[in-house]
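See below for the structure under consideration.
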There are 2 protein chains.
Amino acid sequence: MKVKDLGEFGLIERIAKIVEYADERVILAIGDDTAVVKPTKLDYTLLTTDLLVENVHFTLNTITPWQLGYKSISVNLSDIAAMGGIPNYAVISLALSPETEVSLVEDMYRGMADVSRKYGLRVVGGDITKSDRLIINVAMIGEVEDSSLCRRSDAKVGDIIMVTGVLGASAAGLRIVLNPAIEKTVREAQELKKAHFLPEPRLKEGRILASIGINAMEDISDGLASEIKHICEASLVGARLFMNKIPIAKGVESVASLNGEKAIDIALSGGEDYELVFTAPKELELEIVESLAKIGTKVTVVGEIVNSSEGISIIDWSGSKKPLDISGYTHF
Amino acid sequence: MKVKDLGEFGLIERIAKIVEYADERVILAIGDDTAVVKPTKLDYTLLTTDLLVENVHFTLNTITPWQLGYKSISVNLSDIAAMGGIPNYAVISLALSPETEVSLVEDMYRGMADVSRKYGLRVVGGDITKSDRLIINVAMIGEVEDSSLCRRSDAKVGDIIMVTGVLGASAAGLRIVLNPAIEKTVREAQELKKAHFLPEPRLKEGRILASIGINAMEDISDGLASEIKHICEASLVGARLFMNKIPIAKGVESVASLNGEKAIDIALSGGEDYELVFTAPKELELEIVESLAKIGTKVTVVGEIVNSSEGISIIDWSGSKKPLDISGYTHF
């Protein structure tokens, strides 16, 4: 059945069944002029919004509707994680062609519902309209204590720079998707593709780090190099990265060599890893490593914050220092 | 200058200058992973989101960028008004072509900033991305007291049905825009076009009505007939409208006759009036009329809520009853 056969209100009814669940914090979900919810309780409310356009950000030839729903929510959860916060509510805007299969829309909302349940998010409303292509906007609300809030402008000279997990997996996964011929020669192909299609937000890690008292934090959506630049600009500091410390995901090396690239470049500039990069006083290093180890998350020191006059540099394998190439993703 | 010449971050900087203003409730606006604001204070938080796609919802041949910005915020404010609420914060997602003129984007944000200041809304963040056409998503947060919340499911048998202002102006304005040949023969053409391009949200009216203790309320975005249907379905009641009571805007009659239509049909099904339709106990009628008169807003009784078994009907000029034609706007 197609969307045009079911109609707007029929479609909304089906979606409501997928995303709604009993929750005393949700007063009115889908079906009035606005959603009505209990206010956030902590010191601050976090607001984020993210627009995905078919054939710009995704193509339905490569991602399944369920994955698309999952990822669209996950990347917004990652922004909440980067502030040290807790997610609460989301509203979804959707534009789609009347020719779209209803099952595609339902699968997408199932993906949204699944990741939402996993991380305590409530999808409480939205807007559905017509377009010749699929457009998804996720707007999300979270909350955080004043003491936990991690601004990108909070980095201090002398801080160590750390990242959670490993880098480059999502970008390597994308390269496999775009060039399926290389898939069977890369042993870790499944994991890399999973990192690309189903990134997991580092919400638990963000909360733990915020409670330990780290300084600046961001999620790595545009590539590590680019995020470091954002932190340095906002904090009026410089940074020094160590090339031999960057944790590169397994399989990135194979993909890079098959693609005529260097693994380190994919790890530094690939983007969409949705790991956290943060700065912290050096004396917190052990506590950070131990606390994240307890939830099974690796964390690595990749550099240090230096005086702004030194700029942003990377120490390469030979030990020589050169300016960091900031070639993260930019939209124009 | 085009967007591609300025780049993403240059554009964000310019936008930030237009929409940001000193406010103790905004902790971090544009420039981090999320916006950070003080939580809403009243019993409930209201959430709404609205997606506008170029050549589906608007065309830049007819609406100016400033008007587009103004209207995109205004229609969301109208949803907050319909709940009896107060607007607080908005985040904007924008997709645009790299070839877009920077001045177009700035003008649009000036329109957003102007209507936001007028109604106490703070634009605190957003997302900018690439597309071959202009896409705007506005996600908005408001708040309301438990005692003021106006659900569409709250209509009671015996209630009178009232509307603020006059109907059909926006739809008549659209007809003039689409057929400029008729513009000079319609004396009220400017007012009608203004109603279409620059609708004003009935926020003050919504607050006054909510405090008086009305029952169900909605804003008229899809046409009066369609909104009455929503209220009746949600409240499990019927409704009887009086054709000779529907307040029709000046000039709608001329546009209708030039267009081979009936003014009453435009008023009932035209949509985008952004007036409020609400139901209230009959004994509140005088208090409602007087309270809204004090702020210069006309309000008219257009019908009454009846038992669901009677369905939704309209009493025509001759006094005979017929089922109401529900032909409001639907997207598919």
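Within each chain, counting starts at residue 1; across the structure tokens, chains are named A, B, ... in the order shown, with ligands numbered 1 upward in that order.
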
Write out as a ChimeraX atom specification the residues lying within 12 Å of Thr129 in chain B, counting only C-alpha atoms and excluding same-chain residues fewer than 4 positions away. /A:49-53,56-57,137,329-332 /B:3-4,7-9,11-12,92-98,133-137

Based on the backbone DSSP call, show me all residues of range 19-79 of chain A assigned alpha helix (DSSP H), as a ChimeraX atom specification. /A:19,65-79

Based on the selection just made, write C-alpha atoms of those residues as a PDB file, in the first residue's frame.
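Contents of part.pdb, as written:
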ATOM      1  CA  VAL A  19       6.312   5.295  18.566  1.00  0.00           C
ATOM      2  CA  PRO A  65      14.454   2.339   6.116  1.00  0.00           C
ATOM      3  CA  TRP A  66      14.924   0.800   9.584  1.00  0.00           C
ATOM      4  CA  GLN A  67      18.607   1.804   9.601  1.00  0.00           C
ATOM      5  CA  LEU A  68      17.733   5.293   8.381  1.00  0.00           C
ATOM      6  CA  GLY A  69      15.260   5.747  11.233  1.00  0.00           C
ATOM      7  CA  TYR A  70      17.766   4.404  13.743  1.00  0.00           C
ATOM      8  CA  LYS A  71      20.608   6.602  12.503  1.00  0.00           C
ATOM      9  CA  SER A  72      18.527   9.781  12.223  1.00  0.00           C
ATOM     10  CA  ILE A  73      17.743   9.581  15.947  1.00  0.00           C
ATOM     11  CA  SER A  74      21.170   8.284  16.944  1.00  0.00           C
ATOM     12  CA  VAL A  75      23.110  11.247  15.522  1.00  0.00           C
ATOM     13  CA  ASN A  76      20.952  13.670  17.505  1.00  0.00           C
ATOM     14  CA  LEU A  77      21.418  11.603  20.664  1.00  0.00           C
ATOM     15  CA  SER A  78      25.143  11.949  20.014  1.00  0.00           C
ATOM     16  CA  ASP A  79      24.818  15.752  20.221  1.00  0.00           C
TER      17      ASP A  79
END

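Considering the residues A:Val301, A:Ala210, A:Val26, A:Leu104 and counting only C-alpha atoms, Asn244 in chain A has its shortest atom-to-atom contact with A:Val301.
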
Which is closer to Tyr44 in chain B than all the others in B:Ser308, B:Asn61, B:Ser148, B:Ser226, using only C-alpha atoms? B:Ser148

So, counting only C-alpha atoms, which residue among A:Ile228, A:Met108, A:Ala234, A:Ala280 is closest to chain B?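 For chain B, the nearest of the candidates is A:Ala234.
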
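Among the candidates B:Val124, B:Val177, B:Leu224, B:Ala90, the residue lying nearest to Thr59 in chain B is B:Val177 (atoms considered: only C-alpha atoms).
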
Option closest in space to chain B, from A:His230, A:Lys298, A:Arg202, A:Lys118 [counting only C-alpha atoms]: A:His230

Applying 6 Å and only C-alpha atoms, which residues near Met243 in chain B remain after dropping the ones on its own chain fewer than 3 positions away? List them as a ChimeraX atom specification. /B:246,315-316

Write out, as a PDB file, in the first residue's frame, the residues just selected, with C-alpha atoms.
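Saved as part-v1.pdb:
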ATOM      1  CA  ILE B 246     -19.420  32.556   9.537  1.00  0.00           C
ATOM      2  CA  ILE B 315     -27.548  25.158   8.554  1.00  0.00           C
ATOM      3  CA  ASP B 316     -27.629  27.006   5.249  1.00  0.00           C
TER       4      ASP B 316
END

Which is closer to chain A than all the others in B:His196, B:Lys250, B:Lys322, B:Arg152, using only C-alpha atoms?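 Among B:His196, B:Lys250, B:Lys322, B:Arg152, it is B:Arg152 that comes nearest to chain A.
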